[in-house]
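Raw final-v4.tsv, TSV, C-alpha atoms:
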chain	number	residue	atom	x	y	z
A	3	MET	CA	2.38	-49.81	35.86
A	4	GLU	CA	1.81	-47.16	33.20
A	5	LEU	CA	5.52	-47.36	32.36
A	6	GLU	CA	5.20	-51.13	31.86
A	7	ALA	CA	2.19	-50.64	29.57
A	8	ALA	CA	4.02	-47.95	27.61
A	9	LYS	CA	7.04	-50.26	27.23
A	10	VAL	CA	4.90	-53.09	25.83
A	11	ILE	CA	3.06	-50.75	23.43
A	12	GLY	CA	6.36	-49.20	22.34
A	13	ALA	CA	7.91	-52.59	21.67
A	14	GLY	CA	4.87	-53.55	19.62
A	15	LEU	CA	5.11	-50.35	17.61
A	16	ALA	CA	8.85	-50.83	17.04
A	17	VAL	CA	8.27	-54.19	15.40
A	18	ILE	CA	6.08	-52.55	12.69
A	19	GLY	CA	9.36	-51.91	10.87
A	20	VAL	CA	9.48	-55.61	10.03
A	21	ILE	CA	6.77	-54.97	7.35
A	22	GLY	CA	9.33	-53.28	5.12
A	23	SER	CA	11.73	-56.16	5.50
A	24	GLY	CA	8.97	-58.60	4.61
A	25	ILE	CA	8.23	-56.74	1.39
A	26	GLY	CA	11.95	-56.60	0.64
A	27	MET	CA	12.43	-60.31	1.19
A	28	GLY	CA	9.52	-61.04	-1.14
A	29	THR	CA	11.13	-58.86	-3.79
A	30	VAL	CA	14.50	-60.60	-3.37
A	31	PHE	CA	13.10	-64.09	-3.88
A	32	ALA	CA	10.64	-63.01	-6.60
A	33	SER	CA	13.57	-61.56	-8.54
A	34	PHE	CA	15.52	-64.76	-7.97
A	35	ILE	CA	12.69	-66.86	-9.40
A	36	THR	CA	12.32	-64.52	-12.37
A	37	ALA	CA	16.04	-64.63	-13.06
A	38	VAL	CA	16.23	-68.42	-12.88
A	39	GLY	CA	13.13	-68.70	-15.05
A	40	ARG	CA	14.73	-66.59	-17.76
A	41	ASN	CA	18.18	-68.13	-17.54
A	42	PRO	CA	18.30	-71.45	-15.65
A	43	ALA	CA	22.02	-71.82	-16.41
A	44	ALA	CA	22.83	-68.84	-14.19
A	45	ARG	CA	21.19	-70.43	-11.16
A	46	ASP	CA	24.27	-70.97	-8.98
A	47	GLU	CA	25.67	-67.52	-9.60
A	48	VAL	CA	22.33	-65.81	-8.93
A	49	PHE	CA	21.75	-67.96	-5.83
A	50	THR	CA	24.83	-66.67	-3.99
A	51	MET	CA	23.77	-63.10	-4.70
A	52	THR	CA	20.23	-63.91	-3.57
A	53	MET	CA	21.58	-65.24	-0.29
A	54	LEU	CA	23.57	-62.04	0.15
A	55	GLY	CA	20.46	-59.97	-0.52
A	56	PHE	CA	18.44	-62.17	1.85
A	57	ALA	CA	20.99	-61.63	4.63
A	58	LEU	CA	21.08	-57.87	4.08
A	59	VAL	CA	17.28	-57.55	4.04
A	60	GLU	CA	16.87	-59.79	7.07
A	61	ALA	CA	19.32	-57.63	9.00
A	62	ILE	CA	16.97	-54.64	8.59
A	63	ALA	CA	14.16	-56.60	10.25
A	64	LEU	CA	16.50	-57.53	13.07
A	65	PHE	CA	17.37	-53.88	13.69
A	66	ALA	CA	13.68	-53.31	14.47
A	67	LEU	CA	13.60	-56.44	16.60
A	68	VAL	CA	16.64	-55.35	18.60
A	69	ILE	CA	15.04	-51.97	19.27
A	70	ALA	CA	11.92	-53.78	20.50
A	71	LEU	CA	14.00	-56.03	22.77
A	72	VAL	CA	15.91	-53.05	24.14
A	73	ILE	CA	12.62	-51.30	24.94
A	74	LEU	CA	11.19	-54.43	26.52
A	75	PHE	CA	14.15	-55.70	28.56
A	76	GLY	CA	16.67	-52.84	28.61
B	6	MET	CA	17.71	-56.75	33.26
B	7	ALA	CA	14.10	-57.58	34.15
B	8	SER	CA	12.92	-61.15	33.81
B	9	THR	CA	9.71	-61.98	31.99
B	10	ASP	CA	6.91	-62.72	34.39
B	11	GLY	CA	5.74	-66.16	34.85
B	12	HIS	CA	4.85	-68.32	31.87
B	13	SER	CA	7.09	-71.00	33.38
B	14	GLY	CA	6.22	-72.69	36.64
B	15	THR	CA	8.57	-72.32	39.57
B	16	GLU	CA	11.61	-70.57	38.10
B	17	LYS	CA	11.63	-67.43	36.00
B	18	HIS	CA	13.88	-67.54	32.96
B	19	SER	CA	14.43	-64.65	30.62
B	20	PRO	CA	15.18	-65.52	26.98
B	21	LEU	CA	18.09	-63.08	27.27
B	22	GLU	CA	19.65	-64.99	30.18
B	23	GLN	CA	21.87	-66.94	27.77
B	24	PHE	CA	23.79	-63.77	26.87
B	25	GLU	CA	24.90	-62.99	30.41
B	26	ILE	CA	28.65	-62.71	30.89
B	27	SER	CA	30.02	-64.39	34.01
B	28	PRO	CA	33.65	-63.89	35.02
B	29	PHE	CA	35.75	-66.94	35.87
B	30	ILE	CA	39.09	-65.44	36.89
B	31	HIS	CA	39.43	-61.85	38.11
B	32	PHE	CA	42.37	-59.63	37.16
B	33	GLU	CA	42.10	-56.43	39.17
B	34	THR	CA	44.00	-53.60	37.50
B	35	SER	CA	44.04	-49.83	37.86
B	36	ILE	CA	41.61	-49.42	34.92
B	37	GLY	CA	39.11	-51.98	36.21
B	38	ASP	CA	38.48	-55.68	36.35
B	39	LEU	CA	39.92	-57.39	33.26
B	40	ALA	CA	38.24	-60.69	34.07
B	41	PHE	CA	38.55	-63.89	32.07
B	42	THR	CA	34.88	-64.47	31.27
B	43	ASN	CA	32.85	-67.15	29.53
B	44	SER	CA	32.99	-64.88	26.45
B	45	SER	CA	36.79	-64.92	26.48
B	46	LEU	CA	36.79	-68.67	27.09
B	47	THR	CA	34.60	-69.21	23.99
B	48	MET	CA	36.91	-67.02	21.92
B	49	VAL	CA	39.94	-69.03	23.08
B	50	ILE	CA	38.11	-72.28	22.25
B	51	THR	CA	37.21	-70.86	18.81
B	52	VAL	CA	40.79	-69.87	18.01
B	53	ILE	CA	42.14	-73.24	19.19
B	54	ALA	CA	39.48	-75.02	17.08
B	55	ILE	CA	40.46	-73.01	13.98
B	56	ILE	CA	44.17	-73.67	14.51
B	57	LEU	CA	43.64	-77.40	15.05
B	58	PHE	CA	41.25	-77.64	12.07
B	59	LEU	CA	43.58	-75.84	9.66
B	60	THR	CA	46.78	-77.59	10.74
B	61	LEU	CA	45.74	-81.16	11.50
B	62	THR	CA	43.65	-81.54	8.33
B	63	VAL	CA	46.35	-80.48	5.88
B	64	ASN	CA	49.51	-81.83	7.54
B	65	THR	CA	49.26	-85.09	5.61
B	66	ARG	CA	49.31	-83.11	2.32
B	67	SER	CA	48.16	-86.10	0.29
B	68	ILE	CA	47.51	-85.72	-3.43
B	69	ILE	CA	44.22	-87.58	-3.01
B	70	PRO	CA	42.80	-85.54	-0.13
B	71	SER	CA	40.78	-86.90	2.75
B	72	ARG	CA	37.36	-85.38	3.52
B	73	MET	CA	38.74	-83.13	6.24
B	74	GLN	CA	41.52	-81.91	3.96
B	75	ILE	CA	38.92	-81.05	1.30
B	76	MET	CA	36.97	-79.09	3.90
B	77	SER	CA	39.89	-76.88	4.91
B	78	GLU	CA	41.03	-76.46	1.31
B	79	MET	CA	37.46	-75.49	0.34
B	80	SER	CA	37.28	-72.83	3.06
B	81	TYR	CA	40.65	-71.47	1.89
B	82	ASN	CA	39.60	-71.53	-1.76
B	83	PHE	CA	36.21	-69.95	-0.95
B	84	ILE	CA	37.76	-66.77	0.44
B	85	ALA	CA	40.53	-66.69	-2.19
B	86	GLN	CA	37.83	-66.84	-4.90
B	87	LEU	CA	35.77	-64.17	-3.13
B	88	LEU	CA	38.73	-61.77	-2.94
B	89	ASN	CA	39.64	-62.48	-6.56
B	90	ASP	CA	36.08	-61.77	-7.73
B	91	THR	CA	35.65	-58.52	-5.79
B	92	VAL	CA	39.11	-56.95	-5.58
B	93	GLY	CA	41.05	-58.69	-8.32
B	94	ASP	CA	44.77	-59.47	-8.37
B	95	GLN	CA	45.66	-56.67	-6.01
B	96	GLY	CA	43.53	-58.27	-3.32
B	97	LYS	CA	45.78	-61.29	-2.86
B	98	LYS	CA	47.87	-59.77	-0.09
B	99	TYR	CA	44.79	-59.04	2.02
B	100	PHE	CA	43.81	-62.71	1.98
B	101	PRO	CA	45.13	-63.55	5.50
B	102	PHE	CA	43.16	-60.66	7.00
B	103	VAL	CA	39.84	-61.57	5.35
B	104	PHE	CA	40.36	-65.28	5.95
B	105	ALA	CA	41.12	-64.75	9.66
B	106	ILE	CA	38.01	-62.60	10.11
B	107	PHE	CA	35.83	-65.05	8.18
B	108	MET	CA	37.00	-68.11	10.12
B	109	PHE	CA	36.77	-66.33	13.48
B	110	VAL	CA	33.19	-65.19	12.87
B	111	LEU	CA	32.12	-68.48	11.27
B	112	ILE	CA	33.53	-70.81	13.93
B	113	GLY	CA	32.39	-68.38	16.65
B	114	ASN	CA	28.82	-68.54	15.32
B	115	MET	CA	29.01	-72.33	15.00
B	116	VAL	CA	30.39	-72.79	18.53
B	117	GLY	CA	27.47	-70.65	19.69
B	118	MET	CA	25.04	-73.12	18.12
B	119	ILE	CA	26.18	-75.88	20.51
B	120	PRO	CA	23.59	-76.08	23.33
B	121	TYR	CA	24.68	-74.53	26.66
B	122	SER	CA	27.65	-72.82	25.03
B	123	PHE	CA	28.03	-69.07	24.62
B	124	THR	CA	27.78	-66.96	21.45
B	125	PHE	CA	30.36	-64.22	21.67
B	126	THR	CA	29.22	-62.71	18.35
B	127	SER	CA	25.90	-61.85	20.05
B	128	HIS	CA	27.65	-59.03	21.92
B	129	ILE	CA	27.86	-55.67	20.19
B	130	ILE	CA	31.27	-54.91	21.67
B	131	VAL	CA	32.86	-57.97	20.05
B	132	THR	CA	31.37	-57.37	16.61
B	133	PHE	CA	32.03	-53.64	16.84
B	134	ALA	CA	35.68	-54.30	17.65
B	135	LEU	CA	35.91	-56.51	14.55
B	136	ALA	CA	34.11	-53.92	12.39
B	137	ALA	CA	36.28	-51.12	13.77
B	138	VAL	CA	39.43	-53.05	12.84
B	139	VAL	CA	38.06	-53.43	9.30
B	140	PHE	CA	37.00	-49.77	9.06
B	141	ILE	CA	40.22	-48.26	10.43
B	142	GLY	CA	42.34	-50.68	8.43
B	143	VAL	CA	40.52	-49.87	5.20
B	144	THR	CA	40.73	-46.12	5.78
B	145	VAL	CA	44.47	-46.30	6.54
B	146	LEU	CA	44.89	-48.46	3.44
B	147	GLY	CA	43.07	-45.88	1.31
B	148	PHE	CA	45.28	-43.04	2.59
B	149	MET	CA	48.43	-45.13	2.08
B	150	LYS	CA	47.49	-45.97	-1.50
B	151	HIS	CA	46.20	-42.59	-2.63
B	152	GLY	CA	47.33	-40.01	-0.06
B	153	LEU	CA	45.00	-37.01	0.17
B	154	HIS	CA	43.54	-38.00	-3.20
B	155	PHE	CA	41.53	-40.54	-1.16
B	156	PHE	CA	39.04	-37.74	-0.37
B	157	SER	CA	37.89	-37.86	-4.01
B	158	PHE	CA	36.17	-41.10	-2.95
B	159	PHE	CA	33.40	-38.93	-1.52
B	160	ILE	CA	32.78	-37.16	-4.84
B	161	VAL	CA	30.36	-39.09	-7.01
B	162	PRO	CA	31.64	-38.95	-10.58
B	163	GLY	CA	29.48	-37.69	-13.42
B	164	LEU	CA	27.32	-35.31	-11.42
B	165	PRO	CA	26.87	-31.54	-11.92
B	166	TRP	CA	28.86	-29.39	-9.45
B	167	TYR	CA	25.80	-27.90	-7.75
B	168	MET	CA	24.81	-31.35	-6.45
B	169	LEU	CA	28.12	-31.77	-4.60
B	170	PRO	CA	27.24	-29.82	-1.40
B	171	ILE	CA	24.29	-32.18	-0.88
B	172	LEU	CA	25.98	-35.41	-1.89
B	173	ILE	CA	29.34	-35.07	-0.15
B	174	PRO	CA	27.80	-35.05	3.37
B	175	ILE	CA	25.63	-38.04	2.42
B	176	GLU	CA	28.65	-39.95	1.15
B	177	VAL	CA	30.67	-39.09	4.27
B	178	ILE	CA	27.84	-40.17	6.58
B	179	SER	CA	27.32	-43.41	4.68
B	180	TYR	CA	31.07	-44.04	4.90
B	181	LEU	CA	31.09	-43.41	8.65
B	182	ALA	CA	28.00	-45.63	9.11
B	183	ARG	CA	29.86	-48.65	7.71
B	184	PRO	CA	31.30	-49.98	10.99
B	185	ILE	CA	27.93	-49.51	12.70
B	186	SER	CA	25.92	-51.35	10.05
B	187	LEU	CA	28.57	-54.07	9.76
B	188	SER	CA	28.66	-54.74	13.49
B	189	VAL	CA	24.94	-54.33	14.23
B	190	ARG	CA	24.03	-56.71	11.38
B	191	LEU	CA	26.05	-59.60	12.82
B	192	PHE	CA	25.17	-58.86	16.43
B	193	ALA	CA	21.44	-58.43	15.74
B	194	ASN	CA	21.25	-61.64	13.72
B	195	MET	CA	22.89	-63.69	16.43
B	196	LEU	CA	20.95	-62.03	19.26
B	197	ALA	CA	17.56	-62.34	17.53
B	198	GLY	CA	18.13	-65.93	16.38
B	199	HIS	CA	19.18	-67.24	19.77
B	200	THR	CA	16.43	-65.29	21.55
B	201	LEU	CA	13.85	-66.74	19.15
B	202	LEU	CA	15.07	-70.27	19.90
B	203	LYS	CA	14.75	-69.65	23.63
B	204	VAL	CA	11.31	-68.06	23.31
B	205	PHE	CA	10.02	-71.08	21.40
B	206	ALA	CA	11.72	-73.41	23.87
B	207	GLY	CA	9.62	-71.74	26.55
B	208	PHE	CA	6.43	-72.83	24.72
B	209	VAL	CA	7.22	-76.55	24.66
B	210	LEU	CA	6.53	-77.69	28.24
B	211	PRO	CA	3.53	-75.46	29.13
B	212	LEU	CA	1.63	-76.67	26.05
B	213	GLY	CA	1.74	-80.34	27.10
B	214	ILE	CA	1.18	-82.78	24.22
B	215	ILE	CA	0.70	-79.96	21.69
B	216	GLY	CA	4.25	-78.91	22.61
B	217	VAL	CA	5.47	-81.20	19.83
B	218	VAL	CA	4.54	-78.44	17.36
B	219	PRO	CA	6.92	-75.77	18.77
B	220	LEU	CA	9.53	-78.52	19.26
B	221	ALA	CA	9.37	-79.37	15.55
B	222	PHE	CA	9.59	-75.66	14.82
B	223	ILE	CA	12.72	-75.39	16.99
B	224	VAL	CA	14.36	-78.21	15.01
B	225	ALA	CA	13.64	-76.39	11.74
B	226	LEU	CA	14.76	-73.11	13.26
B	227	THR	CA	18.07	-74.63	14.39
B	228	GLY	CA	18.73	-75.58	10.78
B	229	LEU	CA	17.94	-72.01	9.72
B	230	GLU	CA	20.20	-70.68	12.45
B	231	ILE	CA	23.13	-72.75	11.20
B	232	LEU	CA	22.48	-71.35	7.71
B	233	ILE	CA	22.37	-67.81	9.16
B	234	ALA	CA	25.59	-68.47	11.11
B	235	PHE	CA	27.37	-69.28	7.86
B	236	LEU	CA	25.61	-66.53	5.90
B	237	GLN	CA	26.53	-63.77	8.34
B	238	ALA	CA	30.19	-64.80	8.32
B	239	TYR	CA	29.99	-64.75	4.51
B	240	VAL	CA	28.34	-61.32	4.48
B	241	PHE	CA	30.98	-59.99	6.90
B	242	ALA	CA	33.74	-61.33	4.66
B	243	ILE	CA	32.21	-60.09	1.40
B	244	LEU	CA	31.61	-56.60	2.80
B	245	THR	CA	35.20	-56.49	4.04
B	246	CYS	CA	36.29	-57.40	0.50
B	247	LEU	CA	34.07	-54.68	-0.99
B	248	TYR	CA	35.49	-52.07	1.41
B	249	ILE	CA	39.05	-53.09	0.52
B	250	ASN	CA	38.08	-52.82	-3.15
B	251	ASP	CA	36.72	-49.29	-2.56
B	252	ALA	CA	39.91	-48.25	-0.80
B	253	ILE	CA	42.15	-49.61	-3.56
B	254	HIS	CA	40.20	-48.59	-6.64
B	255	LEU	CA	38.15	-45.57	-5.43
B	256	HIS	CA	34.77	-46.20	-7.19

Please rewrite the model in this file as structure tokens.
Amino acid sequence: MELEAAKVIGAGLAVIGVIGSGIGMGTVFASFITAVGRNPAARDEVFTMTMLGFALVEAIALFALVIALVILFG
Amino acid sequence: MASTDGHSGTEKHSPLEQFEISPFIHFETSIGDLAFTNSSLTMVITVIAIILFLTLTVNTRSIIPSRMQIMSEMSYNFIAQLLNDTVGDQGKKYFPFVFAIFMFVLIGNMVGMIPYSFTFTSHIIVTFALAAVVFIGVTVLGFMKHGLHFFSFFIVPGLPWYMLPILIPIEVISYLARPISLSVRLFANMLAGHTLLKVFAGFVLPLGIIGVVPLAFIVALTGLEILIAFLQAYVFAILTCLYINDAIHLH
């Protein structure tokens, strides 16, 4: 029973790492908006790089999520 | 693997149940059971789908292309452009490698989005095998191109000599972490996305009439998942291109 409780608490703590990814994703899209605002002609080129940055930042959040899932179900 | 306890009525379903591998045909050998599983079946289906898509759509070779021909030519051109942008002219001969990896991951992710099918990219061993092929291939390529001079890749140019003892281990570790980050990124994205869909699917029936809200969310999430499926294949391909570029040009 205590092990179960510890697992649930641990999984909850592991997901705290998502905060960093949230900040990062905000930065990625804020920079995208700034860039398009300054130079609307470069939109398509910047958009592909934004998507790359979005995927890389999102992956960091998923690392935390996988750790939480491993603690919970593993 | 423990199942979650009872938010569904009679049966207990874990959101991770969809990732279970079940063998269809057993091949007993001295090193173990090399079974033909649902994972292998999905990979075979993926490869057959890619072959059919890339041959049937372009075998008419019309000057005014049909929609399907445009699709396969676009996917070809997409990777050719990507390699040209990142590696340059020298990257042309690595096109088949990058294109094969891109199509395998992309169609594998897309086949996984079909309900009741299986996502083989959600298993770390599959993605790690792909990443290990990329990593070993790129390292061998670097040694073939530059010989022992390849080790200068780990020396950051333009730094004072007393920084080198600190930076060389960091560079080596970050180089060795490449296959891990490459494989875990794809695997974690697929695992988390499909688990999230199943978790929300578990909310629909118990909520009764309010279950429309999670259902609408699932529809939106499926769209996002298809975007992620494409995006992760793209990221895998672009990182492969960047690694090839590093091996050829060293910085």

Which is closest to Phe205 (chain B) among B:Ile175, B:Leu191, B:Ile185, B:Leu226, if we use all atoms listed in the file? B:Leu226

Could you state the separation of CA of Met168 (chain B) and CA of Phe156 (chain B) in Å, given to one decimal place? 16.7 Å

List the neighbours of region 49-62 of chain B out to 12 Å using all atoms listed in the file; skip same-chain residues closer than 4 positions along the sequence, and give me the result as number ranges by chain. B: 41-45, 66-67, 70-81, 104-117, 122-126

Kindly indicate which residue among A:Ala57, A:Leu67, A:Ile62, A:Ile73 lies nearest to Leu232 (chain B), using only C-alpha atoms for the distances.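 Distance minimum relative to Leu232 (chain B) lands on A:Ala57.
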
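The space between CA of Val240 (chain B) and CA of Phe158 (chain B) spans 22.9 Å.
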
Neighbour list for Ala63 (chain A) as an MDAnalysis selection string, cut-off 7 Å, all atoms listed in the file, skip fewer than 5 positions in-chain: chainID A and resid 19:20 23

Find the residues near Phe140 (chain B): any atom within 12 Å, counting only C-alpha atoms, skip ones fewer than 3 places away on the same chain, and give them as a list of chain:residue names.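 Within the cut-off, the hits are B:Phe133, B:Ala134, B:Leu135, B:Ala136, B:Ala137, B:Val143, B:Thr144, B:Val145, B:Leu146, B:Gly147, B:Tyr180, B:Leu181, B:Ala182, B:Arg183, B:Pro184, B:Ile185, B:Ser186, B:Leu187, B:Ser188, B:Leu244, B:Thr245, B:Cys246, B:Leu247, B:Tyr248, B:Ile249, B:Asp251, B:Ala252.
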
Rounded to one decimal place, report the CA of Lys150 (chain B)-CA of Pro101 (chain B) distance in Å.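 Rounded to one decimal, the two atoms are 19.1 Å apart.
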
Looking at A:Ala13, A:Ala61, A:Val72, A:Ile25, which one is nearest to chain B, with distances taken over all atoms listed in the file? A:Ala61

Contacts of Ala16 (chain A) at 10 Å or less, counting all atoms listed in the file, minus same-chain residues fewer than 5 places along, as a ChimeraX atom specification? /A:10-11,65-71,73

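Comparing A:Leu5, A:Leu74, A:Ile21, A:Leu64 by their smallest distance to chain B, the closest is A:Leu64 (using all atoms listed in the file).
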
Protein, DNA and RNA residues within 12 Å of (37.5, -45.4, -9.4), only C-alpha atoms, as a list in words: His151, His154, Phe155, Phe156, Ser157, Phe158, Phe159, Ile160, Val161, Pro162, Gly163, Asn250, Asp251, Ala252, Ile253, His254, Leu255 and His256 of chain B

For chain A, which residue out of B:Glu176, B:Glu230, B:Asp38, B:Glu33 is the nearest one, using only C-alpha atoms? B:Glu230

Nearest to chain B, chosen from A:Glu6, A:Gly12, A:Met27, A:Asp46, with all atoms listed in the file counted in the distances: A:Glu6

Would you pick out the contacts of region 194-204 of chain B at 6 Å or less, using only C-alpha atoms, so that residues sharing its chain but fewer than 3 positions from it are not included, and give the list as a ChimeraX atom specification? /B:20,127,191,207

Save C-alpha atoms of region 13-26 of chain A from the block above as a compact mmCIF listing (two decimals), in the first residue's frame.
# COMPACT_ATOMS: atom_id res chain seq x y z
CA ALA A 13 4.82 9.89 -10.90
CA GLY A 14 3.29 13.22 -9.93
CA LEU A 15 6.70 14.63 -9.06
CA ALA A 16 8.21 13.34 -12.32
CA VAL A 17 5.69 15.29 -14.37
CA ILE A 18 6.92 18.60 -12.83
CA GLY A 19 9.54 18.55 -15.58
CA VAL A 20 6.81 19.49 -18.04
CA ILE A 21 6.95 23.08 -16.66
CA GLY A 22 10.25 23.68 -18.44
CA SER A 23 8.85 22.37 -21.69
CA GLY A 24 5.85 24.66 -21.33
CA ILE A 25 8.09 27.69 -20.93
CA GLY A 26 10.16 26.53 -23.89
